[in-house]
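To keep things clear, I will list the structure first and then write my remarks on it.
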Amino acid sequence: MSAHPHASLALFLLVAVGFPLAALMVARLWFRFFQPARPGATKQDVYECGVAPTGDSWIQFKAHYYLYALLFLVFDVEVLFLLPFAVAFTGLPAGALVAMLAFMLLLAEGLVWAWHRGHLDWS
Amino acid sequence: MNAGLSEYLVLSGLLFALGFFGVLLRKNTLVIYMCLELMLVASTLALVAFSRFNGALDGHVFVFFILTVAAAEVAVGLAIIVALFRKRQTVMVDELNHLKN
Amino acid sequence: MNIDYSLFFRAMQPESLLIEAALAIIILDLTVMRRKDLSARLNVASLVGALAVALAAVLALRNGAMGEILNGVLNLDTLAVATRVGVLGLTLLVLGIGTGGARIRNPAEYVVIVLCAAVGFMLMASAQQLLLVFLALELASLSLYVLAGFDKSRPESAEAGLKYFLFGGMAAAFLLFGFSLLYGLTGTLDLPGMSVVMAATGFHPMLAVAMVMILVGFGYKAAAAPFHLWAPDAYQGAPAPAAAFIASASKLAGFVLFTRLLWGSASQGQMLGATPGWVPVVWLLAGASMLVGNLAALAQSNVRRLLAYSAIAHAGALLLGVIASGRSGPGPLFFYLTTYGIATAGAFGVFHVLENQGGAQKLKDLAGLHRRSPLLAGCLMVFILSLAGVPPLSGFFGKFAVFAAALSPAGLGSPTGWLAVFAIAMSAVGLYYYLLILKEALVRPAAAGATAVKVPAAAALTLVAAAGLTLIFGMFPSLLLRWF
């Protein structure tokens, strides 16, 4: 049998779906035959571990953190342009280097601005 | 089994439609915003597929720039949503009705 | 592929000057102006920005029409040069009316973003390749979203920014999908190359889909009915200078880009304009915009919303100009766009001055303006009458040129001619609500306890200059039209 090059992927998929389904099925059967239904306040808790949970599990993140994500994103995307530039570097004229330096200067200016305005301070 | 150009186009059309209906039907601005990004991604997929099947690189280059623009949109969009949330304590579109005649 | 970088850098002189000015403004604000109060910081930033904009306009004029740059990615033809200068003039106007109000918390950043938007508009004016078209559009749009939501002291501003952002983002997605289909059909991103391929292959059903997507995208951006829903909210909630920018410079650059996409430049063959079916669609958009805009404006009691609906009506007339410019060239359309931009930005400037001294959102807040500030009342009269299309102001001549261009090929023998007649009828409706504004400002006595309005010097100078231009272009339209 000449297997398709991606046949192993199909097998993986089968196992990946089948294994948890089988486990869930066993749990279901166990519940059906051996476990009595006794609902209660403790059972409905977020963590059923004996310690009473404090507060809500839906807590809010500080919205302040998204600034760091944005700054990260800027430099993440910068690489997208730097990498092809670096690969083709030896064949490029000087003008391309000037253009790329201008691009990086603009990004650096953004970082300096955020720094000076105090957006990078943890508080 | 090799996917042809039409399969890619159908998928990208489906993604675009999904995003569009999400924008129309959802009430949470963050979810609407994700649907907008889905629409952009659909066009990206179409561009890459066309570029691959035309045998030219310019479509791939276009995609680089779309990713950058999408990142910039994330920055601006999230900033506006956060600014609004600080004023109103809500992100639902039904409650954004202060602008009236 | 050989790229002439020195030619490219020379062609980009105006744009790079604006970006350098933006960097300089930020550095100045972070160092020298750090301890100063808000209005001083705003004035210094605006001054540096205005100087750079004026210098950029001189550079753009001196470089003149340079032809194709970067293997045809940019095309600096006469229309592009005229639009660049027009955009810079409108930017100067927006910067001028923005001074004096110290409500903005980050004045330097405000000026910087205005400059970024101006760069986007200038690139839109000269882009001749889909990638650059998209990038320029997004640079301009993203800057405008930020400007619309800039005033953090009012929740309406953030709401306006969000609505503008959501609708604009959807428009961008539609445009992009249309662009990718166009690319797939023709195998190239260059507009001239596309027109060659399209002329050779003829009609394809996917072309129709691409066309509809692009029209929907531009319809949203231009606030044409039925895609106009964001406009009243954005115009009402945004800070007045931002609303002026959205209504003036973005219209100018956007419609020039749209015309270029549909009809190509003079030297090349027709673009999408040759596709069967798009003229009727644009025709419908234009008719619907004029109807919806003019009728809805009658019911408004908020001046900003009224101007927004009038902008929708004007977008309809501008779409008529886009159809007509396939035959007559872009001259009439450009004239209409420029004069409309000056008048509407000026009107927003008057409202901005009033709002800084106790709100002026309602029509009746304008009562007795002729007593409280004769200067503002006079300027407002010029702008509103120009928007209404009353001779001898420039708005009249803009309408006249566009309608004449639409009627000249076949008179009433073509649907375009009939649309022009409809547009003239709708202008008569428009006269009514424009006169409502003037009745409040010029006839109605001031409310008890109303005080005189103090107009900041820079804003006064800008408004008088804008009113003067509106008069001069109306009496000597050849000043603008001789470029084409």
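Residues in the structure tokens are numbered from 1 in each chain, the chains being A, B, ... in the order shown, and ligands are numbered from 1 in the order shown.
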Every residue of chain B that DSSP places in helix (DSSP H, G or I), as a VMD selection string | chain B and resid 5 to 25 29 to 54 58 to 88 93 to 95
For chain C against chain A, which residues fall within 9 Å using only C-alpha atoms, given as a PyMOL selection string?
-> chain C and resi 3-6+9+23+26-27+30
Selection file, N, CA and C atoms, as an mmCIF file, in the first residue's frame:
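Ended up saving to again.cif:
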data_model
loop_
_atom_site.group_PDB
_atom_site.id
_atom_site.type_symbol
_atom_site.label_atom_id
_atom_site.label_comp_id
_atom_site.auth_asym_id
_atom_site.auth_seq_id
_atom_site.Cartn_x
_atom_site.Cartn_y
_atom_site.Cartn_z
ATOM 1 N N ILE C 3 16.064 51.187 -9.835
ATOM 2 C CA ILE C 3 15.311 52.242 -9.161
ATOM 3 C C ILE C 3 16.195 53.466 -9.040
ATOM 4 N N ASP C 4 15.660 54.617 -9.509
ATOM 5 C CA ASP C 4 16.419 55.855 -9.410
ATOM 6 C C ASP C 4 16.073 56.512 -8.076
ATOM 7 N N TYR C 5 16.931 56.262 -7.069
ATOM 8 C CA TYR C 5 16.598 56.741 -5.732
ATOM 9 C C TYR C 5 16.673 58.254 -5.626
ATOM 10 N N SER C 6 17.628 58.877 -6.379
ATOM 11 C CA SER C 6 17.754 60.328 -6.226
ATOM 12 C C SER C 6 16.498 61.020 -6.748
ATOM 13 N N PHE C 9 13.804 60.441 -4.071
ATOM 14 C CA PHE C 9 13.908 61.302 -2.881
ATOM 15 C C PHE C 9 13.503 62.732 -3.227
ATOM 16 N N LEU C 23 8.673 64.989 13.433
ATOM 17 C CA LEU C 23 9.696 64.559 14.398
ATOM 18 C C LEU C 23 10.189 65.754 15.206
ATOM 19 N N ILE C 26 7.750 66.787 17.910
ATOM 20 C CA ILE C 26 7.763 65.905 19.084
ATOM 21 C C ILE C 26 8.983 66.198 19.951
ATOM 22 N N ILE C 27 10.143 66.349 19.289
ATOM 23 C CA ILE C 27 11.359 66.586 20.070
ATOM 24 C C ILE C 27 11.269 67.918 20.818
ATOM 25 N N LEU C 30 9.034 67.559 23.743
ATOM 26 C CA LEU C 30 9.565 66.748 24.842
ATOM 27 C C LEU C 30 10.665 67.486 25.594
#
At most 6 Å to chain C: residues in chain B, only C-alpha atoms, as a PyMOL selection string | chain B and resi 39-40+43+47+50+84+87+99+101
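Using only C-alpha atoms, we find that the part of chain A lying within 8 Å of chain B comprises Ala63, Leu70, Leu73, Val74, Val77, Leu80 and Phe81 of chain A.
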Within 7 Å of stretch 395-402 of chain C using only C-alpha atoms, minus same-chain residues under 6 positions, as an NGL selection string | :C and (321 or 332-333 or 335-336 or 339-340 or 386-387 or 389 or 474)
Dump as a PDB file, in the first residue's frame, selection limited to N, CA and C atoms:
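Ended up saving to part.pdb:
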ATOM      1  N   GLY C 321     -19.830  64.315 -10.543  1.00  0.00           N
ATOM      2  CA  GLY C 321     -18.623  64.875 -11.154  1.00  0.00           C
ATOM      3  C   GLY C 321     -17.648  63.789 -11.569  1.00  0.00           C
ATOM      4  N   PRO C 332     -13.368  70.189 -13.573  1.00  0.00           N
ATOM      5  CA  PRO C 332     -14.542  70.627 -12.804  1.00  0.00           C
ATOM      6  C   PRO C 332     -14.616  69.947 -11.444  1.00  0.00           C
ATOM      7  N   LEU C 333     -14.343  68.628 -11.416  1.00  0.00           N
ATOM      8  CA  LEU C 333     -14.412  67.895 -10.152  1.00  0.00           C
ATOM      9  C   LEU C 333     -13.412  68.476  -9.153  1.00  0.00           C
ATOM     10  N   PHE C 335     -12.149  71.470  -9.062  1.00  0.00           N
ATOM     11  CA  PHE C 335     -12.592  72.797  -8.625  1.00  0.00           C
ATOM     12  C   PHE C 335     -13.660  72.672  -7.538  1.00  0.00           C
ATOM     13  N   TYR C 336     -14.643  71.807  -7.790  1.00  0.00           N
ATOM     14  CA  TYR C 336     -15.720  71.595  -6.818  1.00  0.00           C
ATOM     15  C   TYR C 336     -15.131  71.134  -5.485  1.00  0.00           C
ATOM     16  N   THR C 339     -13.091  74.004  -3.602  1.00  0.00           N
ATOM     17  CA  THR C 339     -13.893  75.098  -3.055  1.00  0.00           C
ATOM     18  C   THR C 339     -14.826  74.582  -1.962  1.00  0.00           C
ATOM     19  N   TYR C 340     -15.372  73.387  -2.159  1.00  0.00           N
ATOM     20  CA  TYR C 340     -16.221  72.805  -1.115  1.00  0.00           C
ATOM     21  C   TYR C 340     -15.412  72.586   0.158  1.00  0.00           C
ATOM     22  N   SER C 386     -21.556  79.855   0.002  1.00  0.00           N
ATOM     23  CA  SER C 386     -20.775  79.124  -0.990  1.00  0.00           C
ATOM     24  C   SER C 386     -21.215  77.661  -1.032  1.00  0.00           C
ATOM     25  N   LEU C 387     -21.453  77.071   0.146  1.00  0.00           N
ATOM     26  CA  LEU C 387     -21.933  75.683   0.180  1.00  0.00           C
ATOM     27  C   LEU C 387     -23.280  75.583  -0.520  1.00  0.00           C
ATOM     28  N   GLY C 389     -24.241  77.345  -2.932  1.00  0.00           N
ATOM     29  CA  GLY C 389     -24.082  77.546  -4.375  1.00  0.00           C
ATOM     30  C   GLY C 389     -24.683  78.852  -4.850  1.00  0.00           C
ATOM     31  N   GLY C 474     -14.412  82.213  -6.724  1.00  0.00           N
ATOM     32  CA  GLY C 474     -15.719  82.351  -7.354  1.00  0.00           C
ATOM     33  C   GLY C 474     -15.684  83.367  -8.471  1.00  0.00           C
TER      34      GLY C 474
END
Please provide the set of residues having any atom within 9 Å of stretch 63-75 of chain C, restricted to only C-alpha atoms, with same-chain residues fewer than 5 positions apart removed, written as a PyMOL selection string.
-> chain C and resi 1-5+7-8+10-11+13+58+80-81+123+125-132+190-192+265
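Between C:Ala308 and the residues C:Leu38, C:Ala460, C:Ala223, C:Val282, the shortest atom-to-atom distance, using only C-alpha atoms, involves C:Ala223.
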Of B:Ala3, B:Val93, B:Leu30, B:Val48, the one sitting nearest B:Ile81 when using only C-alpha atoms is B:Leu30
Skip C:Ile342 itself and residues of its chain fewer than 3 positions away, then list as a PyMOL selection string all residues within 7 Å of it, counting only C-alpha atoms.
-> chain C and resi 90+248+338-339+345-346+466
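Counting only C-alpha atoms and comparing B:Glu7, B:Glu73, B:Asp58, B:Asp94, the residue that lies closest to B:Arg26 is B:Asp94.
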Exercise: B:Ala42 partners within 6 Å, only C-alpha atoms, chain neighbours under 5 positions left out, as a ChimeraX atom specification | /B:12,15-16
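Picture a line from atom CA of C:Gly358 to atom CA of C:Ala450; it runs 10.0 Å.
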